[in-house]
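Asks: Sharing entry_16.txt below, compact mmCIF, C-alpha atoms:
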# COMPACT_ATOMS: atom_id res chain seq x y z
CA MET N 1 13.15 -21.98 16.95
CA SER N 2 10.37 -19.36 16.73
CA ILE N 3 10.20 -16.03 18.53
CA THR N 4 7.29 -13.64 19.08
CA GLY N 5 6.99 -10.22 20.69
CA ASN N 6 6.34 -6.53 20.23
CA LEU N 7 8.62 -3.82 18.90
CA LYS N 8 7.99 -1.90 22.13
CA THR N 9 9.83 -4.56 24.10
CA MET N 10 12.38 -5.64 21.49
CA GLU N 11 13.56 -3.01 19.02
CA LEU N 12 13.74 -3.87 15.34
CA ALA N 13 17.52 -3.36 15.21
CA GLU N 14 18.05 -5.79 18.09
CA LEU N 15 15.69 -8.32 16.49
CA LEU N 16 17.41 -8.17 13.09
CA GLN N 17 20.86 -8.48 14.63
CA TRP N 18 19.75 -11.48 16.72
CA LEU N 19 18.51 -13.25 13.60
CA SER N 20 21.70 -12.37 11.72
CA GLN N 21 24.10 -13.46 14.42
CA GLY N 22 22.18 -16.71 14.87
CA ARG N 23 22.40 -17.33 11.09
CA LYS N 24 18.65 -17.93 11.05
CA SER N 25 16.68 -19.00 7.99
CA GLY N 26 12.97 -18.26 7.87
CA THR N 27 10.44 -15.44 7.70
CA LEU N 28 10.03 -12.52 10.09
CA TYR N 29 6.41 -11.28 10.14
CA ILE N 30 5.75 -7.77 11.51
CA ASN N 31 2.25 -6.26 11.73
CA ASN N 32 1.34 -2.76 12.97
CA GLY N 33 -2.42 -3.28 12.64
CA LYS N 34 -2.56 -1.70 9.17
CA VAL N 35 0.21 -3.36 7.20
CA GLU N 36 1.95 -6.69 7.52
CA LYS N 37 5.54 -6.97 6.32
CA GLN N 38 7.66 -10.03 5.81
CA ILE N 39 11.45 -10.17 5.85
CA PHE N 40 13.01 -13.34 4.49
CA PHE N 41 16.29 -14.62 5.97
CA GLN N 42 18.71 -17.20 4.61
CA GLU N 43 21.48 -18.14 7.07
CA GLY N 44 21.31 -14.73 8.74
CA THR N 45 21.23 -12.68 5.54
CA ILE N 46 18.16 -10.79 4.30
CA VAL N 47 17.30 -12.19 0.88
CA SER N 48 13.97 -10.43 0.19
CA SER N 49 10.92 -8.75 1.71
CA ALA N 50 7.20 -8.44 1.04
CA ALA N 51 4.29 -6.33 2.29
CA SER N 52 0.49 -6.30 2.25
CA ASP N 53 0.44 -2.65 1.12
CA PRO N 54 -0.19 -2.61 -2.68
CA LYS N 55 2.07 0.45 -3.08
CA GLU N 56 4.95 -1.85 -2.15
CA TYR N 57 4.14 -4.39 -4.84
CA LEU N 58 6.79 -4.45 -7.54
CA GLY N 59 4.50 -3.12 -10.28
CA HIS N 60 3.37 -0.05 -8.32
CA PHE N 61 6.93 0.53 -7.10
CA LEU N 62 8.20 0.62 -10.69
CA VAL N 63 5.39 3.01 -11.68
CA SER N 64 6.30 5.33 -8.79
CA HIS N 65 9.93 5.47 -9.95
CA GLY N 66 9.03 6.11 -13.58
CA PHE N 67 10.17 2.80 -15.11
CA ILE N 68 6.76 1.72 -16.41
CA ASP N 69 3.36 3.35 -16.84
CA GLU N 70 -0.05 2.17 -15.68
CA LEU N 71 -0.96 0.66 -19.06
CA THR N 72 2.20 -1.47 -19.08
CA LEU N 73 1.46 -2.56 -15.52
CA ALA N 74 -2.08 -3.62 -16.45
CA LYS N 75 -0.88 -5.59 -19.49
CA ALA N 76 1.88 -7.31 -17.51
CA MET N 77 -0.58 -8.30 -14.77
CA GLU N 78 -2.95 -9.77 -17.38
CA MET N 79 -0.05 -11.82 -18.74
CA GLN N 80 0.78 -12.91 -15.20
CA GLU N 81 -2.74 -14.27 -14.73
CA ASP N 82 -2.29 -16.40 -17.85
CA ASN N 83 1.22 -17.80 -17.37
CA LYS N 84 1.77 -17.42 -13.58
CA MET N 85 5.29 -16.00 -14.11
CA LEU N 86 6.80 -13.53 -11.69
CA LEU N 87 5.93 -9.95 -12.69
CA GLY N 88 9.61 -9.00 -12.90
CA LYS N 89 10.32 -11.76 -15.42
CA ILE N 90 7.32 -10.70 -17.51
CA LEU N 91 8.54 -7.10 -17.61
CA LEU N 92 11.97 -8.36 -18.67
CA THR N 93 10.43 -10.53 -21.39
CA ILE N 94 8.42 -7.70 -22.93
CA GLY N 95 11.38 -5.33 -22.72
CA ALA N 96 9.76 -2.92 -20.27
CA ILE N 97 12.84 -2.84 -18.03
CA SER N 98 16.45 -4.04 -18.20
CA GLU N 99 17.79 -6.77 -15.94
CA THR N 100 20.22 -4.30 -14.36
CA ASP N 101 17.45 -1.82 -13.54
CA LEU N 102 15.16 -4.58 -12.28
CA ASP N 103 17.83 -5.92 -9.95
CA ARG N 104 18.51 -2.40 -8.65
CA MET N 105 14.83 -1.63 -8.08
CA LEU N 106 14.12 -4.95 -6.37
CA ARG N 107 16.97 -4.27 -3.99
CA LEU N 108 15.74 -0.70 -3.38
CA LYS N 109 12.17 -1.93 -2.85
CA ALA N 110 13.29 -4.46 -0.25
CA GLU N 111 15.42 -1.87 1.55
CA GLU N 112 12.74 0.83 1.54
CA SER N 113 10.15 -1.60 2.89
CA ILE N 114 12.39 -2.54 5.82
CA TYR N 115 13.50 1.03 6.53
CA GLU N 116 9.88 2.08 6.99
CA ILE N 117 9.47 -0.41 9.84
CA PHE N 118 12.09 1.53 11.82
CA THR N 119 9.63 4.46 11.91
CA TRP N 120 6.84 2.32 13.42
CA THR N 121 6.16 3.05 17.07
CA GLU N 122 4.74 -0.42 17.69
CA GLY N 123 4.07 -3.70 15.97
CA GLU N 124 3.66 -7.38 16.76
CA PHE N 125 6.31 -9.67 15.33
CA ARG N 126 6.93 -13.38 15.01
CA PHE N 127 9.76 -15.30 13.38
CA ALA N 128 8.86 -18.58 11.70
CA ASP N 129 12.02 -20.68 11.66
CA GLY N 130 12.55 -22.44 8.33
CA ASP N 131 9.40 -20.90 6.81
CA LEU N 132 10.30 -19.49 3.37
CA PRO N 133 8.15 -18.93 0.24
CA ASP N 134 7.77 -21.94 -2.02
CA TYR N 135 8.27 -19.76 -5.11
CA HIS N 136 11.63 -18.69 -6.51
CA MET N 137 12.69 -15.28 -5.18
CA TRP N 138 14.88 -12.87 -7.13
CA PRO N 139 18.33 -13.34 -5.56
CA LEU N 140 19.21 -10.52 -3.16
CA SER N 141 21.69 -10.29 -0.31
CA LEU N 142 21.28 -7.43 2.17
CA SER N 143 23.67 -6.89 5.05
CA VAL N 144 21.75 -6.61 8.32
CA THR N 145 24.39 -4.23 9.72
CA ALA N 146 23.97 -1.87 6.76
CA VAL N 147 20.18 -2.07 6.98
CA VAL N 148 20.22 -1.22 10.70
CA LEU N 149 22.54 1.78 10.19
CA GLU N 150 20.41 3.16 7.36
CA GLY N 151 17.24 2.43 9.32
CA HIS N 152 18.38 4.62 12.22
CA GLN N 153 19.29 7.39 9.76
CA ARG N 154 15.84 7.06 8.21
CA VAL N 155 14.21 7.69 11.61
CA ASP N 156 16.25 10.89 12.05
CA GLU N 157 15.44 12.00 8.50
CA TRP N 158 11.72 11.34 9.01
CA LYS N 159 11.73 13.52 12.15
CA GLN N 160 13.29 16.40 10.19
CA ILE N 161 10.73 16.00 7.39
CA ARG N 162 7.82 15.86 9.83
CA ALA N 163 8.94 19.15 11.36
CA ARG N 164 8.18 20.79 7.99
CA ILE N 165 5.48 18.48 6.56
CA PRO N 166 3.19 17.61 9.49
CA ASN N 167 0.90 15.03 7.86
CA SER N 168 -0.46 13.64 4.61
CA SER N 169 -3.28 16.19 4.41
CA ALA N 170 -0.80 19.08 4.09
CA VAL N 171 -0.76 20.93 0.76
CA PRO N 172 2.57 21.75 -0.97
CA VAL N 173 2.67 25.14 -2.72
CA ALA N 174 5.42 26.16 -5.13
CA THR N 175 7.07 29.52 -4.47
CA ARG N 176 9.54 29.13 -7.35
CA GLU N 177 9.97 26.76 -10.27
CA LEU N 178 10.34 23.21 -8.96
CA ARG N 179 13.15 21.15 -10.40
CA SER N 180 15.07 17.98 -9.72
CA GLU N 181 18.82 18.31 -9.26
CA GLU N 182 19.33 15.08 -11.24
CA PRO N 183 17.09 13.63 -13.97
CA ASP N 184 14.66 11.22 -12.31
CA PRO N 185 11.29 10.37 -13.93
CA GLY N 186 9.74 9.40 -10.60
CA VAL N 187 10.75 12.66 -8.92
CA GLU N 188 9.60 14.68 -11.92
CA LYS N 189 6.15 13.02 -11.76
CA ILE N 190 5.79 14.05 -8.11
CA LEU N 191 6.86 17.65 -8.75
CA ALA N 192 4.54 17.91 -11.77
CA LEU N 193 1.54 17.14 -9.53
CA VAL N 194 2.20 20.07 -7.17
CA ASP N 195 -0.63 22.43 -8.13
CA ASP N 196 -1.19 24.36 -4.86
CA ASP N 197 -4.30 22.25 -4.17
CA ARG N 198 -3.37 18.54 -4.09
CA THR N 199 -2.44 17.10 -0.72
CA ILE N 200 0.52 14.86 0.02
CA GLN N 201 -1.83 11.87 0.13
CA GLU N 202 -3.34 12.70 -3.25
CA ILE N 203 0.10 13.07 -4.85
CA ALA N 204 1.17 9.76 -3.32
CA LEU N 205 -1.89 8.01 -4.75
CA GLN N 206 -1.53 9.51 -8.21
CA THR N 207 2.13 8.48 -8.43
CA HIS N 208 1.69 5.06 -6.72
CA SER N 209 4.26 6.21 -4.14
CA GLY N 210 4.67 5.79 -0.42
CA GLU N 211 4.20 8.84 1.78
CA PHE N 212 7.85 8.92 2.82
CA HIS N 213 9.09 8.96 -0.78
CA VAL N 214 6.80 11.87 -1.69
CA CYS N 215 7.69 13.82 1.47
CA ARG N 216 11.39 13.28 0.91
CA VAL N 217 11.17 14.69 -2.63
CA LEU N 218 9.15 17.71 -1.48
CA TYR N 219 11.41 18.27 1.54
CA GLU N 220 14.37 18.81 -0.78
CA GLN N 221 12.36 21.50 -2.58
CA ILE N 222 11.53 23.13 0.77
CA ARG N 223 15.21 23.20 1.72
CA ALA N 224 16.00 24.80 -1.64
CA GLY N 225 13.42 27.53 -0.98
CA ARG N 226 11.17 26.49 -3.87
CA LEU N 227 8.26 25.13 -1.87
CA LYS N 228 6.21 25.75 1.26
CA ILE N 229 3.59 23.73 3.08
CA VAL N 230 0.20 25.33 3.80
CA ARG N 231 -3.24 24.66 5.28
CA PRO N 232 -3.36 21.01 6.22
CA ARG N 233 -7.01 20.40 5.41
CA GLN N 234 -9.63 17.97 6.57
CA MET N 235 -10.21 15.27 4.00
CA LYS N 236 -12.87 12.66 3.57
CA VAL N 237 -11.15 9.32 4.04
CA GLU N 238 -12.22 5.77 3.28
CA ALA N 239 -10.48 4.36 6.34
CA GLU N 240 -12.65 5.21 9.27
CA ALA N 241 -11.48 5.33 12.87
CA ALA N 242 -9.99 2.07 14.06
CA PRO N 243 -12.68 -0.24 15.38
CA THR N 244 -13.14 -0.26 19.12
CA PRO N 245 -12.51 -3.85 20.07
CA GLN N 246 -14.51 -5.77 22.61
CA VAL N 247 -12.48 -7.04 25.56
CA THR N 248 -12.77 -10.07 27.73
CA ASN N 249 -12.36 -10.21 31.49
CA ASP N 250 -8.58 -10.41 31.19
CA ASP N 251 -8.54 -7.23 29.07
CA THR N 252 -7.39 -9.01 25.92
CA VAL N 253 -8.92 -8.09 22.57
CA ASP N 254 -11.55 -10.54 21.42
CA ALA N 255 -11.27 -11.41 17.71
CA ASP N 256 -14.65 -13.14 17.72
CA SER N 257 -16.34 -9.94 18.90
CA LEU N 258 -14.72 -8.05 16.02
CA LEU N 259 -16.01 -10.67 13.60
CA ARG N 260 -19.54 -10.35 15.00
CA ILE N 261 -19.39 -6.56 14.58
CA ALA N 262 -18.11 -7.01 11.01
CA ASP N 263 -21.07 -9.30 10.31
CA GLN N 264 -23.46 -6.61 11.55
CA HIS N 265 -21.81 -4.02 9.28
CA ILE N 266 -22.16 -6.33 6.28
CA GLU N 267 -25.87 -6.75 7.05
CA SER N 268 -26.26 -2.96 7.20
CA ARG N 269 -24.16 -2.59 4.00
CA GLU N 270 -21.44 -0.61 5.73
CA PHE N 271 -18.76 -2.52 3.88
CA ALA N 272 -15.78 -0.27 4.61
CA ARG N 273 -16.38 -0.61 8.35
CA ALA N 274 -16.85 -4.34 8.00
CA ILE N 275 -13.51 -4.70 6.22
CA ARG N 276 -11.71 -2.78 8.95
CA HIS N 277 -13.12 -5.08 11.63
CA LEU N 278 -12.23 -8.16 9.60
CA ARG N 279 -8.65 -6.94 9.22
CA ALA N 280 -8.45 -6.18 12.94
CA ALA N 281 -9.70 -9.67 13.85
CA GLN N 282 -7.22 -11.35 11.54
CA ASN N 283 -4.36 -9.24 12.88
CA LEU N 284 -5.15 -10.43 16.39
CA GLU N 285 -4.94 -14.11 15.49
CA PRO N 286 -2.86 -14.37 12.28
CA ASP N 287 -2.19 -18.09 12.76
CA SER N 288 -5.79 -19.11 13.36
CA ASN N 289 -7.21 -21.08 10.43
CA ARG N 290 -10.69 -20.68 11.89
CA ILE N 291 -10.41 -16.87 11.88
CA LYS N 292 -8.92 -16.97 8.39
CA ARG N 293 -11.81 -19.03 7.04
CA THR N 294 -14.37 -16.78 8.72
CA VAL N 295 -12.75 -13.65 7.28
CA GLU N 296 -12.60 -15.19 3.81
CA ALA N 297 -16.29 -16.12 3.99
CA ALA N 298 -17.20 -12.57 5.10
CA GLU N 299 -15.15 -11.06 2.27
CA LYS N 300 -16.98 -13.27 -0.24
CA ARG N 301 -20.27 -11.95 1.14
CA ILE N 302 -19.09 -8.39 0.54
CA VAL N 303 -18.01 -9.22 -3.02
CA LEU N 304 -21.34 -10.91 -3.71
CA ALA N 305 -23.25 -7.91 -2.35
CA VAL N 306 -21.44 -5.36 -4.52
CA ARG N 307 -21.69 -7.67 -7.56
CA GLN N 308 -25.45 -7.83 -7.10
CA ASP N 309 -25.45 -4.03 -7.34
CA GLY N 310 -23.66 -4.15 -10.71
CA ILE N 311 -19.98 -4.03 -9.74
CA GLU N 312 -18.96 -6.72 -12.23
CA MET N 313 -15.32 -7.07 -13.22
CA LYS N 314 -16.04 -6.63 -16.93
CA ALA N 315 -18.38 -3.65 -16.48
CA VAL N 316 -17.03 -0.36 -17.85
CA PRO N 317 -17.46 2.53 -15.38
CA VAL N 318 -18.28 5.87 -16.97
CA LEU N 319 -18.16 9.26 -15.27
CA LYS N 320 -21.58 10.89 -15.02
CA CYS N 321 -20.42 14.45 -14.36
CA ASP N 322 -18.14 16.83 -16.24
CA PRO N 323 -14.47 15.89 -15.51
CA SER N 324 -13.80 19.53 -14.66
CA ALA N 325 -16.29 19.21 -11.77
CA LEU N 326 -14.37 16.43 -10.00
CA ASP N 327 -12.85 18.88 -7.54
CA THR N 328 -16.32 19.83 -6.32
CA LEU N 329 -17.37 16.27 -5.43
CA ASP N 330 -17.41 15.11 -1.82
CA ILE N 331 -15.10 12.15 -2.38
CA SER N 332 -12.02 10.64 -0.79
CA PRO N 333 -8.54 10.73 -2.41
CA GLN N 334 -8.91 7.02 -3.18
CA GLN N 335 -12.22 7.62 -4.96
CA GLY N 336 -10.63 10.56 -6.79
CA PHE N 337 -7.84 8.30 -8.05
CA ILE N 338 -10.38 5.86 -9.48
CA LEU N 339 -12.47 8.59 -11.13
CA THR N 340 -9.43 10.01 -12.91
CA ARG N 341 -8.74 6.56 -14.46
CA LEU N 342 -12.15 6.29 -16.15
CA ASN N 343 -11.74 6.64 -19.92
CA GLY N 344 -14.82 4.85 -21.26
CA THR N 345 -12.69 1.82 -22.23
CA TYR N 346 -11.12 0.44 -19.07
CA ASP N 347 -13.29 -2.08 -17.26
CA ILE N 348 -13.30 -2.43 -13.47
CA GLN N 349 -10.91 -5.36 -13.63
CA THR N 350 -8.29 -3.30 -15.49
CA ILE N 351 -8.61 -0.34 -13.14
CA LEU N 352 -8.19 -2.64 -10.12
CA LYS N 353 -4.84 -3.74 -11.55
CA ILE N 354 -3.48 -0.19 -11.62
CA THR N 355 -5.03 0.99 -8.36
CA PRO N 356 -2.68 1.10 -5.33
CA VAL N 357 -5.56 0.05 -3.07
CA PRO N 358 -6.29 -3.56 -1.99
CA PRO N 359 -8.73 -5.22 -4.45
CA LEU N 360 -11.61 -5.73 -2.00
CA GLU N 361 -11.41 -2.16 -0.74
CA ALA N 362 -11.22 -0.92 -4.34
CA GLN N 363 -14.40 -2.80 -5.28
CA VAL N 364 -16.18 -1.16 -2.36
CA LEU N 365 -14.92 2.22 -3.63
CA PHE N 366 -16.54 1.51 -7.01
CA TRP N 367 -19.72 0.48 -5.21
CA LYS N 368 -19.78 3.74 -3.23
CA LEU N 369 -19.21 5.82 -6.35
CA HIS N 370 -22.04 4.00 -8.10
CA GLN N 371 -24.39 4.32 -5.13
CA ALA N 372 -23.61 8.05 -4.92
CA GLY N 373 -24.50 8.50 -8.59
CA HIS N 374 -21.01 9.57 -9.68
CA ILE N 375 -20.56 6.75 -12.21
CA ASP N 376 -22.63 4.62 -14.58
CA LEU N 377 -21.77 1.01 -15.42
CA GLU N 378 -21.86 -0.03 -19.07
CA PRO N 379 -21.54 -3.51 -20.60
CA PRO N 380 -18.08 -4.65 -21.76
CA LYS N 381 -16.70 -3.11 -24.95
CA SER N 382 -16.14 -5.48 -27.83
Represent the structure of the file as structure tokens.
Replies:
Amino acid sequence: MSITGNLKTMELAELLQWLSQGRKSGTLYINNGKVEKQIFFQEGTIVSSAASDPKEYLGHFLVSHGFIDELTLAKAMEMQEDNKMLLGKILLTIGAISETDLDRMLRLKAEESIYEIFTWTEGEFRFADGDLPDYHMWPLSLSVTAVVLEGHQRVDEWKQIRARIPNSSAVPVATRELRSEEPDPGVEKILALVDDDRTIQEIALQTHSGEFHVCRVLYEQIRAGRLKIVRPRQMKVEAEAAPTPQVTNDDTVDADSLLRIADQHIESREFARAIRHLRAAQNLEPDSNRIKRTVEAAEKRIVLAVRQDGIEMKAVPVLKCDPSALDTLDISPQQGFILTRLNGTYDIQTILKITPVPPLEAQVLFWKLHQAGHIDLEPPKS
């Protein structure tokens, strides 16, 4: 039996409990228009989760908590391309993490991903009965009751944090020496990036962390009187305003209209806008194979266009300006992240592996930086 709806009409807690009490097995898909999350059930128990947000991928999650660095992540992902093993097993094989720590972090990653959904104000959901991944998942077993209780606490905690940290463009400023009460490499990385100028979003990008995780760490410093939040500033962002959808006579959003607009943006080389319209169209009709094929074809056109302008995977991007002048450039936080990873050796393919931005969007970022004259592209190093 399948079920569909919106979180406005059926709360997440009620939905999870219904699936648990019915001992359902399958996948719950939830999409808020920006991120799609999947919660996997086996006989009413949550056994894993997944998300379309790269920051929730295992590799980036382990970087954010200080278990591996970006170089280890890039090497492990290269190995994954060759042998098709799960990333966790690769990291175990090369000794980058212990089995105990991996099990603990996989459980924490699954929990954190689900807790965030409790803070969503809306989202379309559908449960696909009997639909589970065909690959072997790391064995987890999460109690729905415990998840629901913690989820409600997370909503209350997020409200308290938002009262002191209004948004991701706020700037944390240290008033005393920042310190972690308990040794934690991930927390220490976040605190080390507080320089009275970086925003919450920039710190989150640099540490591969989610906004909630960064805000929670900084909120503890605020409560201890070591930190204050100042001047939320306007930032250039890659994600433009959500596309205004066309509507039909019955006031429903028309995915085909969004696809036509995306096509126009590709023709005018406004690739970021095109991607947003493609994502919006696919979110409207996630089960449509026709829409999926059209979106895939449009994405290939974007890739081909940026490749023709030199954005090849093996090209080595090189910064054209003095690194000390990066702060003066009119760039987005995402572009800033990429520029700080240029070392004259990493090719685009390697940087994409360690960038917590979806691959297509990241290629467009490289294209924009090249078009703006901020980077040169050199042939591969031998």
Asks: Kindly give the distance, in Å, that separates CA of Ile203 in chain N and CA of Glu299 in chain N, rounded to a single decimal.
Replies: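 These atoms are spaced 29.4 Å apart.
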Asks: Out of N:Ala163, N:Ile331, N:Val364, N:Ile200, which residue has the shortest atom-to-atom distance to Ala272 in chain N when counting all atoms listed in the file?
Replies: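 Nearest to Ala272 in chain N: N:Val364.
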Asks: Please list as a PyMOL selection string every residue within 12 Å of Tyr57 in chain N, counting all atoms listed in the file and excluding residues in the same chain fewer than 4 positions away.
Replies: chain N and resi 37+49-53+61-64+73+77+86-88+105-106+109-110+112-113+208-210+353-358
Asks: Please report, as a Markdown table, each residue of range 2-68 of chain N lying at most 12 Å from range 285-297 of chain N, together with the nearest pair of atoms and the separation in Å rounded to one decimal; use all atoms listed in the file, and order rows by chain and ascending residue number.
Replies:
| residue | atom | partner | partner_atom | distance |
| --- | --- | --- | --- | --- |
| N:Tyr29 | CA | N:Pro286 | CA | 10.0 |
| N:Ile30 | CA | N:Pro286 | CA | 10.9 |
| N:Asn31 | CA | N:Pro286 | CA | 9.6 |
| N:Gly33 | CA | N:Pro286 | CA | 11.1 |
| N:Glu36 | CA | N:Pro286 | CA | 10.2 |
Asks: In the coordinate frame of the file, compute which residues have an atom within 10 Å of (-14.1, 8.7, -7.2) when using all atoms listed in the file, and state them as a ChimeraX atom specification.
Replies: /N:319,326,329-342,365-366,368-370,372,374-375
Asks: Counting all atoms listed in the file, which residue out of N:Arg107, N:His213, N:His60, N:His152 sits closest to Ile46 in chain N?
Replies: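 Nearest to Ile46 in chain N: N:Arg107.
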Asks: Go ahead and compute the interatomic distance for CA of Ile3 in chain N and CA of Leu28 in chain N, in Å to one decimal.
Replies: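 CA of Leu28 in chain N lies 9.1 Å from CA of Ile3 in chain N.
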Asks: From the set N:Leu149, N:Trp138, N:Glu14, N:Gly123, which residue has the shortest atom-to-atom contact distance to Leu58 in chain N, counting only C-alpha atoms?
Replies: N:Trp138
Asks: Go through N:Ile39, N:Val171, N:Met10, N:Leu377 one by one, measure the shortest atom-to-atom distance of each to Gly26 in chain N using only C-alpha atoms, and give the residue with the smallest value.
Replies: N:Ile39
Asks: In Å, how far is it from CA of Ala170 in chain N to CA of Thr121 in chain N?
Replies: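 Going from CA of Ala170 in chain N over to CA of Thr121 in chain N, I get 21.8 Å.
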Asks: Could you check which of N:Ile311, N:Asp254, N:Glu267, N:Asp196 is closest to Gln282 in chain N, using all atoms listed in the file?
Replies: N:Asp254
Asks: Considering all atoms listed in the file, can you say which of N:Gln17, N:Asp184, N:Tyr219, N:Ile117 comes closest to Pro166 in chain N?
Replies: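 Once distances to Pro166 in chain N are computed over all atoms listed in the file, the minimum belongs to N:Tyr219.
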Asks: Using all atoms listed in the file, which protein or nucleic acid residues come within 12 Å of Lys8 in chain N? Drop anything in the same chain fewer than 2 positions from it, and give the result as an mmCIF file with C-alpha atoms, keeping the file's coordinate frame.
Replies:
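Output contents, as saved in part_19.cif:
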data_model
loop_
_atom_site.group_PDB
_atom_site.id
_atom_site.type_symbol
_atom_site.label_atom_id
_atom_site.label_comp_id
_atom_site.auth_asym_id
_atom_site.auth_seq_id
_atom_site.Cartn_x
_atom_site.Cartn_y
_atom_site.Cartn_z
ATOM 1 C CA GLY N 5 6.990 -10.220 20.690
ATOM 2 C CA ASN N 6 6.340 -6.530 20.230
ATOM 3 C CA MET N 10 12.380 -5.640 21.490
ATOM 4 C CA GLU N 11 13.560 -3.010 19.020
ATOM 5 C CA LEU N 12 13.740 -3.870 15.340
ATOM 6 C CA ALA N 13 17.520 -3.360 15.210
ATOM 7 C CA GLU N 14 18.050 -5.790 18.090
ATOM 8 C CA LEU N 15 15.690 -8.320 16.490
ATOM 9 C CA ASN N 32 1.340 -2.760 12.970
ATOM 10 C CA PHE N 118 12.090 1.530 11.820
ATOM 11 C CA TRP N 120 6.840 2.320 13.420
ATOM 12 C CA THR N 121 6.160 3.050 17.070
ATOM 13 C CA GLU N 122 4.740 -0.420 17.690
ATOM 14 C CA GLY N 123 4.070 -3.700 15.970
ATOM 15 C CA GLU N 124 3.660 -7.380 16.760
ATOM 16 C CA PHE N 125 6.310 -9.670 15.330
#
Asks: Around the point (-19.3, 3.7, -18.9) in the file's coordinates, collect all residues with an atom within 7 Å, using all atoms listed in the file, and return them as a PyMOL selection string.
Replies: chain N and resi 316-319+344+376-378
